[in-house]
>>> print(open('query-v2.txt').read())   # compact mmCIF, C-alpha atoms and all ligand atoms
# COMPACT_ATOMS: atom_id res chain seq x y z
CA MET F 70 0.00 0.00 0.00
CA GLN F 71 1.25 3.46 -0.96
CA ARG F 72 1.75 5.62 2.15
CA PRO F 73 0.55 9.25 1.90
CA TYR F 74 3.07 11.90 0.92
CA ASN F 75 3.88 13.94 4.02
CA PHE F 76 4.95 17.56 3.45
CA SER F 77 5.46 18.41 7.13
CA ALA F 78 8.18 20.95 7.98
CA GLY F 79 9.18 18.85 10.97
CA PRO F 80 8.99 16.44 12.60
CA ALA F 81 8.94 15.25 9.04
CA ALA F 82 8.66 12.18 6.83
CA LEU F 83 11.36 9.51 7.06
CA PRO F 84 12.33 7.08 4.31
CA GLU F 85 9.88 4.18 4.32
CA GLU F 86 12.74 1.65 4.16
CA VAL F 87 14.10 3.09 7.42
CA LEU F 88 10.75 2.82 9.18
CA ARG F 89 10.36 -0.77 7.98
CA GLN F 90 13.82 -1.74 9.16
CA ALA F 91 13.24 -0.10 12.55
CA ALA F 92 9.94 -1.99 12.84
CA ALA F 93 11.61 -5.29 11.98
CA GLU F 94 14.34 -4.67 14.57
CA MET F 95 12.04 -3.24 17.24
CA LEU F 96 11.86 -6.24 19.56
CA ASP F 97 15.27 -7.76 18.98
CA TRP F 98 18.15 -5.80 17.53
CA HIS F 99 20.55 -8.11 15.66
CA GLY F 100 19.96 -11.06 17.96
CA SER F 101 20.78 -9.07 21.09
CA GLY F 102 17.39 -9.86 22.64
CA MET F 103 16.88 -6.13 23.21
CA SER F 104 15.20 -3.22 21.51
CA VAL F 105 17.67 -0.39 20.86
CA MET F 106 15.54 1.63 23.31
CA GLU F 107 16.40 -0.84 26.04
CA MET F 108 20.18 -0.87 25.63
CA SER F 109 22.74 0.77 27.85
CA HIS F 110 24.35 3.65 25.98
CA ARG F 111 27.69 2.35 27.25
CA GLY F 112 27.16 -1.24 26.12
CA ARG F 113 28.94 -2.94 23.22
CA GLU F 114 25.77 -3.08 21.07
CA PHE F 115 24.93 0.61 21.29
CA ALA F 116 28.59 1.55 20.91
CA SER F 117 28.62 -0.17 17.53
CA ILE F 118 25.45 1.67 16.45
CA TYR F 119 26.90 4.99 17.56
CA GLU F 120 30.30 4.51 15.94
CA GLN F 121 28.76 3.45 12.64
CA ALA F 122 26.38 6.42 12.65
CA GLU F 123 29.17 8.86 13.36
CA ALA F 124 31.47 7.40 10.70
CA ASP F 125 28.70 7.37 8.10
CA LEU F 126 27.75 10.97 8.88
CA ARG F 127 31.37 12.09 8.71
CA GLY F 128 31.69 10.40 5.33
CA LEU F 129 28.39 11.73 3.95
CA LEU F 130 29.24 15.36 4.76
CA ALA F 131 33.02 15.03 4.31
CA VAL F 132 33.56 16.44 7.79
CA PRO F 133 37.28 17.19 8.27
CA ALA F 134 39.29 15.56 11.07
CA ASN F 135 39.60 18.85 12.97
CA PHE F 136 35.83 18.96 13.53
CA ARG F 137 34.13 17.03 16.33
CA ILE F 138 30.63 15.69 15.80
CA LEU F 139 28.50 15.92 18.94
CA PHE F 140 25.22 14.05 19.38
CA MET F 141 23.31 16.28 21.78
CA GLN F 142 19.81 17.01 23.06
CA GLY F 143 17.89 20.25 23.27
CA GLY F 144 17.07 21.06 19.64
CA GLY F 145 17.80 24.19 17.67
CA LEU F 146 16.35 26.53 20.27
CA ALA F 147 18.61 25.16 23.00
CA GLU F 148 21.59 25.66 20.66
CA ASN F 149 20.59 29.33 20.44
CA ALA F 150 21.73 29.51 24.08
CA ILE F 151 24.39 26.79 24.05
CA VAL F 152 26.33 28.40 21.18
CA PRO F 153 26.75 31.81 22.87
CA MET F 154 27.51 30.13 26.20
CA ASN F 155 30.34 28.22 24.51
CA LEU F 156 31.64 30.62 21.89
CA SER F 157 30.87 34.23 22.81
CA ARG F 158 33.15 34.61 25.86
CA GLY F 159 30.53 37.22 26.79
CA GLY F 160 31.67 39.48 23.97
CA VAL F 161 30.15 40.62 20.70
CA VAL F 162 28.14 38.30 18.47
CA ASP F 163 27.00 39.22 14.95
CA VAL F 164 23.64 37.79 13.88
CA VAL F 165 22.25 37.90 10.36
CA VAL F 166 18.46 38.01 10.68
CA THR F 167 16.80 36.32 7.74
CA GLY F 168 13.59 34.96 9.23
CA ALA F 169 11.86 33.66 12.33
CA TRP F 170 14.61 31.25 13.40
CA SER F 171 17.55 33.64 13.24
CA GLN F 172 15.39 36.28 14.92
CA LYS F 173 15.03 33.85 17.83
CA SER F 174 18.78 33.18 17.77
CA TYR F 175 19.44 36.91 18.03
CA LYS F 176 17.10 37.34 21.01
CA GLU F 177 18.53 34.36 22.86
CA ALA F 178 22.16 35.37 22.23
CA GLN F 179 21.40 38.73 23.87
CA ARG F 180 21.02 36.91 27.17
CA TYR F 181 24.63 35.73 27.14
CA ALA F 182 26.51 38.12 24.88
CA GLN F 183 26.36 41.48 23.17
CA ALA F 184 24.37 40.39 20.15
CA ARG F 185 24.21 42.75 17.17
CA VAL F 186 22.16 42.53 14.00
CA ALA F 187 24.66 42.50 11.14
CA ALA F 188 21.95 42.48 8.51
CA SER F 189 18.21 41.95 8.40
CA ASN F 190 15.63 41.25 5.73
CA ALA F 191 12.71 42.20 7.99
CA ASP F 192 11.85 45.11 5.69
CA ASP F 193 11.47 42.61 2.83
CA ARG F 194 9.22 40.47 5.04
CA HIS F 195 12.03 37.85 5.12
CA THR F 196 11.67 37.04 1.44
CA ARG F 197 15.28 37.61 0.37
CA ILE F 198 18.65 36.93 2.01
CA PRO F 199 20.70 40.14 2.23
CA PRO F 200 23.84 39.68 0.08
CA PRO F 201 26.87 38.99 2.33
CA GLU F 202 28.71 42.04 0.88
CA THR F 203 26.09 44.22 2.59
CA TRP F 204 26.46 42.66 6.06
CA SER F 205 27.86 45.03 8.61
CA LEU F 206 30.25 42.81 10.55
CA SER F 207 31.90 43.85 13.81
CA PRO F 208 35.70 43.80 13.95
CA ASP F 209 35.63 42.12 17.35
CA ALA F 210 32.82 39.54 17.02
CA SER F 211 33.39 36.15 18.61
CA TYR F 212 31.25 34.55 15.91
CA VAL F 213 28.75 35.33 13.17
CA HIS F 214 25.42 33.48 13.29
CA VAL F 215 23.50 32.68 10.12
CA CYS F 216 20.49 30.43 9.61
CA THR F 217 21.26 28.90 6.23
CA ASN F 218 17.69 27.72 5.63
CA GLU F 219 14.76 29.53 7.21
CA THR F 220 12.14 26.82 7.57
CA ILE F 221 9.18 29.16 8.07
CA HIS F 222 9.96 31.87 5.51
CA GLY F 223 11.47 29.54 2.91
CA VAL F 224 14.70 31.44 2.22
CA GLU F 225 17.99 29.59 1.79
CA LEU F 226 21.56 30.82 1.64
CA HIS F 227 22.91 28.93 -1.35
CA THR F 228 26.60 29.78 -0.91
CA LEU F 229 28.28 30.14 2.47
CA PRO F 230 30.05 33.50 2.80
CA ASP F 231 33.81 33.74 3.10
CA LEU F 232 33.86 35.88 6.25
CA ALA F 233 37.60 36.55 6.01
CA ALA F 234 37.08 38.08 2.56
CA LEU F 235 34.37 40.29 4.12
CA GLY F 236 36.84 41.57 6.71
CA SER F 237 35.73 39.48 9.69
CA LYS F 238 38.06 37.25 11.69
CA ALA F 239 35.16 35.51 13.41
CA PRO F 240 34.11 31.91 12.84
CA LEU F 241 30.81 31.35 11.05
CA VAL F 242 28.09 29.53 12.99
CA ILE F 243 25.32 28.03 10.88
CA ASP F 244 21.91 26.76 11.91
CA CYS F 245 21.39 24.24 9.11
CA SER F 246 18.55 22.38 10.85
CA SER F 247 16.23 22.29 7.88
CA HIS F 248 18.58 21.61 4.96
CA ILE F 249 21.41 19.54 6.41
CA LEU F 250 22.29 16.55 4.20
CA SER F 251 20.55 18.10 1.18
CA ARG F 252 23.79 19.68 -0.05
CA ALA F 253 27.50 19.69 0.72
CA ILE F 254 28.90 22.00 3.42
CA ASP F 255 32.07 23.99 2.71
CA TRP F 256 33.78 23.37 6.05
CA SER F 257 36.58 25.80 5.23
CA ARG F 258 34.01 28.57 5.78
CA VAL F 259 32.42 27.19 8.94
CA GLY F 260 33.44 27.11 12.60
CA LEU F 261 30.34 25.43 13.98
CA ALA F 262 27.18 23.95 12.47
CA PHE F 263 24.12 22.70 14.32
CA ALA F 264 20.95 20.96 13.28
CA GLY F 265 17.94 19.53 15.04
CA ALA F 266 17.28 16.03 13.71
CA GLN F 267 13.56 16.11 13.09
CA LYS F 268 13.62 17.33 9.49
CA ASN F 269 16.30 15.67 7.43
CA ILE F 270 18.01 13.34 9.92
CA GLY F 271 15.62 11.35 12.09
CA PRO F 272 13.27 11.67 15.05
CA ALA F 273 13.12 14.73 17.31
CA GLY F 274 15.29 14.62 20.41
CA LEU F 275 18.67 14.51 18.70
CA THR F 276 20.66 17.62 17.85
CA LEU F 277 23.85 17.39 15.83
CA VAL F 278 26.70 19.82 16.44
CA PHE F 279 29.83 19.98 14.29
CA VAL F 280 32.47 22.08 16.01
CA ARG F 281 36.02 22.97 15.03
CA ASP F 282 38.57 21.83 17.63
CA ASP F 283 39.91 25.31 18.39
CA LEU F 284 36.43 26.50 19.47
CA LEU F 285 36.23 23.99 22.32
CA GLY F 286 37.11 24.88 25.88
CA HIS F 287 35.88 28.48 26.09
CA ALA F 288 32.48 28.00 27.76
CA LEU F 289 31.18 30.63 30.16
CA PRO F 290 31.14 29.49 33.83
CA ILE F 291 27.33 29.48 33.79
CA CYS F 292 27.22 26.93 30.97
CA PRO F 293 25.69 23.63 32.18
CA SER F 294 28.31 20.87 32.05
CA ALA F 295 26.09 18.75 29.81
CA PHE F 296 26.07 21.63 27.31
CA ASP F 297 29.78 22.46 27.42
CA TYR F 298 30.98 21.33 23.99
CA LYS F 299 34.38 20.34 25.39
CA THR F 300 32.81 18.12 28.03
CA VAL F 301 30.52 16.56 25.44
CA ALA F 302 33.43 16.05 22.99
CA ASP F 303 35.81 14.67 25.62
CA ASN F 304 33.18 12.10 26.57
CA GLY F 305 32.29 11.02 23.03
CA SER F 306 28.76 12.49 23.46
CA MET F 307 28.25 10.18 26.47
CA TYR F 308 28.75 12.65 29.33
CA ASN F 309 25.02 12.35 29.84
CA THR F 310 22.78 9.74 28.23
CA PRO F 311 22.39 10.69 24.58
CA PRO F 312 19.05 10.21 22.74
CA THR F 313 19.90 6.63 21.87
CA TYR F 314 16.87 5.65 19.82
CA SER F 315 17.00 8.84 17.76
CA ILE F 316 20.69 8.19 17.09
CA TYR F 317 19.87 4.66 15.94
CA ILE F 318 17.20 5.91 13.50
CA ALA F 319 19.54 8.66 12.29
CA GLY F 320 22.12 5.94 11.66
CA LEU F 321 19.61 4.03 9.51
CA VAL F 322 18.89 7.25 7.59
CA PHE F 323 22.64 7.71 7.01
CA GLN F 324 22.86 4.17 5.59
CA TRP F 325 19.85 4.89 3.38
CA LEU F 326 21.52 8.13 2.19
CA LYS F 327 24.75 6.32 1.35
CA ALA F 328 22.81 3.99 -0.94
CA GLN F 329 20.99 6.78 -2.85
CA ARG F 330 22.05 7.45 -6.45
CA GLU F 331 21.09 10.04 -9.07
CA GLY F 332 23.06 9.30 -12.23
CA ALA F 333 26.73 9.41 -11.24
CA ALA F 334 25.99 11.24 -7.98
CA ALA F 335 25.72 9.35 -4.68
CA GLY F 336 24.77 10.21 -1.10
CA VAL F 337 24.46 13.92 -0.38
CA ALA F 338 25.33 14.85 -3.99
CA ALA F 339 22.43 12.65 -5.14
CA MET F 340 20.18 14.35 -2.58
CA GLU F 341 21.20 17.74 -3.93
CA GLN F 342 20.35 16.72 -7.51
CA ARG F 343 17.02 15.36 -6.36
CA ALA F 344 16.30 18.50 -4.31
CA ILE F 345 17.01 20.71 -7.31
CA ALA F 346 14.64 18.62 -9.44
CA LYS F 347 11.88 18.52 -6.81
CA ALA F 348 12.01 22.22 -5.93
CA GLY F 349 12.37 23.14 -9.62
CA LEU F 350 9.19 21.27 -10.44
CA LEU F 351 7.12 23.07 -7.78
CA TYR F 352 8.59 26.55 -8.34
CA GLY F 353 8.25 26.08 -12.10
CA TYR F 354 4.56 25.34 -11.69
CA LEU F 355 4.03 28.23 -9.23
CA ASP F 356 5.78 30.70 -11.53
CA GLY F 357 3.52 29.79 -14.43
CA SER F 358 0.33 29.88 -12.38
CA GLU F 359 -2.20 32.70 -12.01
CA PHE F 360 -4.00 30.82 -9.26
CA TYR F 361 -1.08 30.37 -6.80
CA VAL F 362 1.73 32.70 -5.85
CA THR F 363 5.01 32.54 -3.94
CA HIS F 364 6.68 35.68 -2.60
CA VAL F 365 10.27 34.52 -2.07
CA ASP F 366 12.92 36.17 -4.23
CA PRO F 367 14.11 33.65 -6.86
CA GLY F 368 17.76 33.92 -5.74
CA SER F 369 16.91 33.07 -2.12
CA ARG F 370 14.35 30.33 -2.68
CA SER F 371 14.68 27.33 -0.41
CA ARG F 372 14.80 23.90 -1.97
CA MET F 373 13.47 22.40 1.24
CA ASN F 374 10.57 24.59 2.41
CA ILE F 375 8.32 26.25 -0.14
CA PRO F 376 5.64 28.60 1.17
CA PHE F 377 2.95 29.42 -1.36
CA PHE F 378 -0.49 31.00 -1.37
CA LEU F 379 -3.79 30.61 -3.15
CA ARG F 380 -4.66 34.04 -4.53
CA ASP F 381 -8.17 33.45 -3.24
CA GLU F 382 -7.47 32.58 0.38
CA SER F 383 -11.12 31.72 1.01
CA LEU F 384 -10.34 28.43 -0.78
CA ASN F 385 -7.60 27.43 1.68
CA ASP F 386 -9.67 24.95 3.67
CA ALA F 387 -11.06 23.30 0.54
CA PHE F 388 -7.52 23.01 -0.84
CA LEU F 389 -6.23 21.34 2.32
CA ALA F 390 -9.21 18.98 2.60
CA GLY F 391 -8.84 17.88 -1.02
CA ALA F 392 -5.10 17.39 -0.56
CA LYS F 393 -5.68 15.19 2.46
CA GLU F 394 -8.18 13.07 0.55
CA ARG F 395 -5.50 12.41 -2.02
CA GLY F 396 -2.88 11.47 0.55
CA LEU F 397 -1.03 14.80 0.47
CA LEU F 398 -0.54 15.63 4.13
CA GLN F 399 0.50 18.59 6.32
CA LEU F 400 0.52 21.31 3.66
CA LYS F 401 -0.83 24.08 5.90
CA GLY F 402 1.57 27.02 6.15
CA HIS F 403 3.11 28.19 9.41
CA LYS F 404 0.66 30.34 11.35
CA SER F 405 2.94 33.40 11.18
CA VAL F 406 3.03 33.33 7.37
CA GLY F 407 -0.28 31.68 6.48
CA GLY F 408 -1.14 30.01 3.21
CA MET F 409 0.53 26.72 2.37
CA ARG F 410 3.99 25.28 2.78
CA ALA F 411 5.42 22.20 1.10
CA SER F 412 8.54 20.81 2.76
CA LEU F 413 10.53 18.66 0.37
CA TYR F 414 13.15 16.99 2.54
CA ASN F 415 15.30 14.06 1.43
CA ALA F 416 12.64 11.46 2.22
CA MET F 417 10.17 13.10 -0.19
CA PRO F 418 10.43 11.37 -3.56
CA LEU F 419 9.99 13.24 -6.85
CA ALA F 420 6.74 11.31 -7.30
CA GLY F 421 5.37 13.09 -4.20
CA VAL F 422 6.01 16.51 -5.74
CA GLN F 423 4.53 15.33 -9.04
CA ALA F 424 1.40 14.24 -7.17
CA LEU F 425 1.23 17.61 -5.41
CA VAL F 426 1.59 19.59 -8.64
CA ALA F 427 -1.01 17.41 -10.37
CA TYR F 428 -3.43 18.10 -7.51
CA MET F 429 -2.67 21.85 -7.54
CA ARG F 430 -3.29 21.96 -11.29
CA GLU F 431 -6.57 20.13 -10.96
CA PHE F 432 -7.71 22.30 -8.03
CA ALA F 433 -6.88 25.45 -9.97
CA ALA F 434 -8.79 24.20 -13.03
CA ARG F 435 -11.82 23.46 -10.88
CA HIS F 436 -11.82 26.76 -8.97
CA GLY F 437 -9.97 29.19 -11.28
N1 LIG H 501 16.17 26.39 13.63
C1 LIG H 501 15.50 26.04 12.53
C2 LIG H 501 16.03 26.44 11.19
C3 LIG H 501 14.30 25.33 12.64
O1 LIG H 501 13.61 25.00 11.54
C4 LIG H 501 13.83 24.96 13.91
C5 LIG H 501 12.57 24.14 14.09
N2 LIG H 501 11.63 24.21 13.14
C6 LIG H 501 14.56 25.35 15.02
C7 LIG H 501 15.73 26.05 14.86
C8 LIG H 501 14.10 25.01 16.42
O2 LIG H 501 14.21 23.67 16.64
P1 LIG H 501 13.68 22.98 17.98
O3 LIG H 501 12.19 23.14 17.98
O4 LIG H 501 14.13 21.57 17.80
O5 LIG H 501 14.33 23.66 19.12
>>> encode(input="query-v2.txt", output="structure tokens")
Amino acid sequence: MQRPYNFSAGPAALPEEVLRQAAAEMLDWHGSGMSVMEMSHRGREFASIYEQAEADLRGLLAVPANFRILFMQGGGLAENAIVPMNLSRGGVVDVVVTGAWSQKSYKEAQRYAQARVAASNADDRHTRIPPPETWSLSPDASYVHVCTNETIHGVELHTLPDLAALGSKAPLVIDCSSHILSRAIDWSRVGLAFAGAQKNIGPAGLTLVFVRDDLLGHALPICPSAFDYKTVADNGSMYNTPPTYSIYIAGLVFQWLKAQREGAAAGVAAMEQRAIAKAGLLYGYLDGSEFYVTHVDPGSRSRMNIPFFLRDESLNDAFLAGAKERGLLQLKGHKSVGGMRASLYNAMPLAGVQALVAYMREFAARHG
């Protein structure tokens, strides 16, 4: 039976193969007699799951040896506090405000550091990422925070800025929660990256942090030990109990990703090709339509989260009800933006976007 296509922004759809494997292994993982949920995080069985997941992730994203990968808890919003507690040294932090999530990062950083807005697209209603050449960066910032994909507003930074070329000596911190593993990351331009798992990685409860070695060991005294990156790194993410089941599912997703192919491309490169094709299909249809509209500037359009509107908003409920009948789920836009939003993460096949566009076309023909 064909499962519905789930366009949720997160927690989001997972590859069906992963869910089936997890179901098959639920009661007895690899003859251990235990569910992964029931294993000690320090036992041999879970250690093998953890090590495989970390190695696969490092390979998929080509993470250099001088970066540590931390498997933490707390989600993106906790990282908004954990990052300044670890990196700011109480000094100046530059934040680029591009939408709801970086706005929250800015507010939270103010509690621990002297946060400054280096650029903002609020006047454009968060529809366009300000070009990095226009960012006003502080000479003394301890880091520069950017959300590289704004899940609610649907804007994506397609090329990471070279901060040194822009006159800043600060490391770049990226919140890549909603597009991680959909494209390569240029680690030469990044000091720290974080991502909540519940969009493109696995179940909620796991937060990934990639941190360059030289940024460890500078936490403020108020930083909880379990959130001090050095403590977490020194203990192989086992200072406290990590979210073991979420790590296991993430590990299955990494194995699934490694097996994905698009022509000659594999893994994350294959995901990028697929994301370009999926997003291109939906934007292409929206651009040619008189019935629907999207407001995001073409150069800043997210491949992952696509907000769009019916020009006649009185038809919203009928649109959503019809979509649900056809097995097209969770298309309602975020309450702060309204309208619709289609999230096209890695687990969404091209066929799902084709089904969505076919439905949109039909709905427009019926009501246009
Ligand atoms: N950053 C981004 C880009 C997000 O999309 C989200 C969640 N939608 C968050 C941060 C916050 O994540 P959490 O709810 O896991 O704290």
>>> axis_aligned_box(input="query-v2.txt", around="range 396-405 of chain F", padding_each_side="4 Å", output="JSON")
{"center_x": 0.1, "center_y": 22.4, "center_z": 5.9, "size_x": 14.0, "size_y": 29.9, "size_z": 18.9}
>>> closest_atom_pairs(input="query-v2.txt", of="range 142-218 of chain F", to="range 289-309 of chain F", cutoff="8 Å", atoms="all atoms listed in the file", output="tab-separated table")
residue	atom	partner	partner_atom	distance
F:Ile151	CA	F:Phe296	CA	6.3
F:Met154	CA	F:Leu289	CA	5.4
F:Asn155	CA	F:Leu289	CA	6.2
F:Arg158	CA	F:Leu289	CA	6.2
F:Gly159	CA	F:Leu289	CA	7.4
>>> residues_near_ligand(input="query-v2.txt", ligand="ligand LIG 501 (chain H)", cutoff="6 Å", atoms="all atoms listed in the file", output="JSON, numbers by chain")
{"F": [144, 145, 146, 147, 170, 218, 219, 220, 244, 246, 247, 265]}
>>> residues_around(input="query-v2.txt", residues="Arg430 in chain F", least_positions_apart="6", cutoff="12 Å", atoms="only C-alpha atoms", output="list in words")
Leu351, Tyr354, Leu355, Gly357, Ser358, Glu359, Phe360, Tyr361, Leu379, Phe388, Ala392, Gln423, Ala424, His436 and Gly437 of chain F
>>> write_last_selection(input="query-v2.txt", atoms="C-alpha atoms", output="tab-separated table (two decimals), in the frame of the given file")
chain	number	residue	atom	x	y	z
F	351	LEU	CA	7.12	23.07	-7.78
F	354	TYR	CA	4.56	25.34	-11.69
F	355	LEU	CA	4.03	28.23	-9.23
F	357	GLY	CA	3.52	29.79	-14.43
F	358	SER	CA	0.33	29.88	-12.38
F	359	GLU	CA	-2.20	32.70	-12.01
F	360	PHE	CA	-4.00	30.82	-9.26
F	361	TYR	CA	-1.08	30.37	-6.80
F	379	LEU	CA	-3.79	30.61	-3.15
F	388	PHE	CA	-7.52	23.01	-0.84
F	392	ALA	CA	-5.10	17.39	-0.56
F	423	GLN	CA	4.53	15.33	-9.04
F	424	ALA	CA	1.40	14.24	-7.17
F	436	HIS	CA	-11.82	26.76	-8.97
F	437	GLY	CA	-9.97	29.19	-11.28
>>> closest_residue(input="query-v2.txt", among="F:Ser104, F:Gln142, F:Asn374, F:Ser211", to="His403 in chain F", atoms="only C-alpha atoms")
F:Asn374
>>> closest_residue(input="query-v2.txt", among="F:Ala134, F:Ala78, F:Pro418, F:Asp282", to="Ile375 in chain F", atoms="all atoms listed in the file")
F:Ala78
>>> atom_distance(input="query-v2.txt", atom1="CA of Leu275 in chain F", atom2="CA of Thr167 in chain F")
24.5 Å
>>> atom_distance(input="query-v2.txt", atom1="CA of Ala187 in chain F", atom2="CA of Val161 in chain F")
11.2 Å
>>> closest_residue(input="query-v2.txt", among="F:Phe115, F:Phe136, F:Tyr414, F:Tyr74", to="Glu341 in chain F", atoms="only C-alpha atoms")
F:Tyr414
>>> atom_distance(input="query-v2.txt", atom1="CA of Leu384 in chain F", atom2="CA of Met429 in chain F")
12.2 Å
>>> closest_residue(input="query-v2.txt", among="F:Ala169, F:Ala234, F:Val278, F:Met108", to="Ile221 in chain F", atoms="only C-alpha atoms")
F:Ala169
>>> closest_residue(input="query-v2.txt", among="F:Asp125, F:Asp231, F:Glu177, F:Glu86", to="Asn149 in chain F", atoms="all atoms listed in the file")
F:Glu177
>>> decode(input="query-v2.txt", residues="range 175-189 of chain F", atoms="N, CA and C atoms", output="PDB file, in the first residue's frame")
ATOM      1  N   TYR F 175      18.972  35.580  17.628  1.00  0.00           N
ATOM      2  CA  TYR F 175      19.435  36.906  18.034  1.00  0.00           C
ATOM      3  C   TYR F 175      18.950  37.236  19.451  1.00  0.00           C
ATOM      4  N   LYS F 176      17.667  37.030  19.685  1.00  0.00           N
ATOM      5  CA  LYS F 176      17.102  37.343  21.005  1.00  0.00           C
ATOM      6  C   LYS F 176      17.756  36.522  22.102  1.00  0.00           C
ATOM      7  N   GLU F 177      17.971  35.239  21.830  1.00  0.00           N
ATOM      8  CA  GLU F 177      18.528  34.362  22.859  1.00  0.00           C
ATOM      9  C   GLU F 177      20.004  34.715  23.114  1.00  0.00           C
ATOM     10  N   ALA F 178      20.740  35.036  22.069  1.00  0.00           N
ATOM     11  CA  ALA F 178      22.160  35.366  22.229  1.00  0.00           C
ATOM     12  C   ALA F 178      22.328  36.610  23.100  1.00  0.00           C
ATOM     13  N   GLN F 179      21.335  37.511  23.048  1.00  0.00           N
ATOM     14  CA  GLN F 179      21.398  38.731  23.869  1.00  0.00           C
ATOM     15  C   GLN F 179      21.482  38.434  25.357  1.00  0.00           C
ATOM     16  N   ARG F 180      21.018  37.257  25.745  1.00  0.00           N
ATOM     17  CA  ARG F 180      21.023  36.909  27.165  1.00  0.00           C
ATOM     18  C   ARG F 180      22.424  36.557  27.665  1.00  0.00           C
ATOM     19  N   TYR F 181      23.311  36.208  26.737  1.00  0.00           N
ATOM     20  CA  TYR F 181      24.633  35.729  27.136  1.00  0.00           C
ATOM     21  C   TYR F 181      25.773  36.564  26.568  1.00  0.00           C
ATOM     22  N   ALA F 182      25.455  37.406  25.595  1.00  0.00           N
ATOM     23  CA  ALA F 182      26.514  38.119  24.883  1.00  0.00           C
ATOM     24  C   ALA F 182      25.950  39.443  24.368  1.00  0.00           C
ATOM     25  N   GLN F 183      26.817  40.229  23.768  1.00  0.00           N
ATOM     26  CA  GLN F 183      26.362  41.485  23.166  1.00  0.00           C
ATOM     27  C   GLN F 183      26.000  41.206  21.714  1.00  0.00           C
ATOM     28  N   ALA F 184      24.783  40.764  21.505  1.00  0.00           N
ATOM     29  CA  ALA F 184      24.372  40.391  20.148  1.00  0.00           C
ATOM     30  C   ALA F 184      24.032  41.631  19.329  1.00  0.00           C
ATOM     31  N   ARG F 185      24.506  41.636  18.087  1.00  0.00           N
ATOM     32  CA  ARG F 185      24.209  42.752  17.174  1.00  0.00           C
ATOM     33  C   ARG F 185      23.619  42.193  15.893  1.00  0.00           C
ATOM     34  N   VAL F 186      22.720  42.948  15.291  1.00  0.00           N
ATOM     35  CA  VAL F 186      22.157  42.529  14.003  1.00  0.00           C
ATOM     36  C   VAL F 186      23.086  43.036  12.905  1.00  0.00           C
ATOM     37  N   ALA F 187      23.721  42.110  12.202  1.00  0.00           N
ATOM     38  CA  ALA F 187      24.664  42.503  11.142  1.00  0.00           C
ATOM     39  C   ALA F 187      23.933  42.821   9.850  1.00  0.00           C
ATOM     40  N   ALA F 188      22.785  42.225   9.685  1.00  0.00           N
ATOM     41  CA  ALA F 188      21.948  42.483   8.506  1.00  0.00           C
ATOM     42  C   ALA F 188      20.576  41.914   8.827  1.00  0.00           C
ATOM     43  N   SER F 189      19.555  42.463   8.178  1.00  0.00           N
ATOM     44  CA  SER F 189      18.205  41.950   8.399  1.00  0.00           C
ATOM     45  C   SER F 189      17.389  42.109   7.125  1.00  0.00           C
TER      46      SER F 189
END
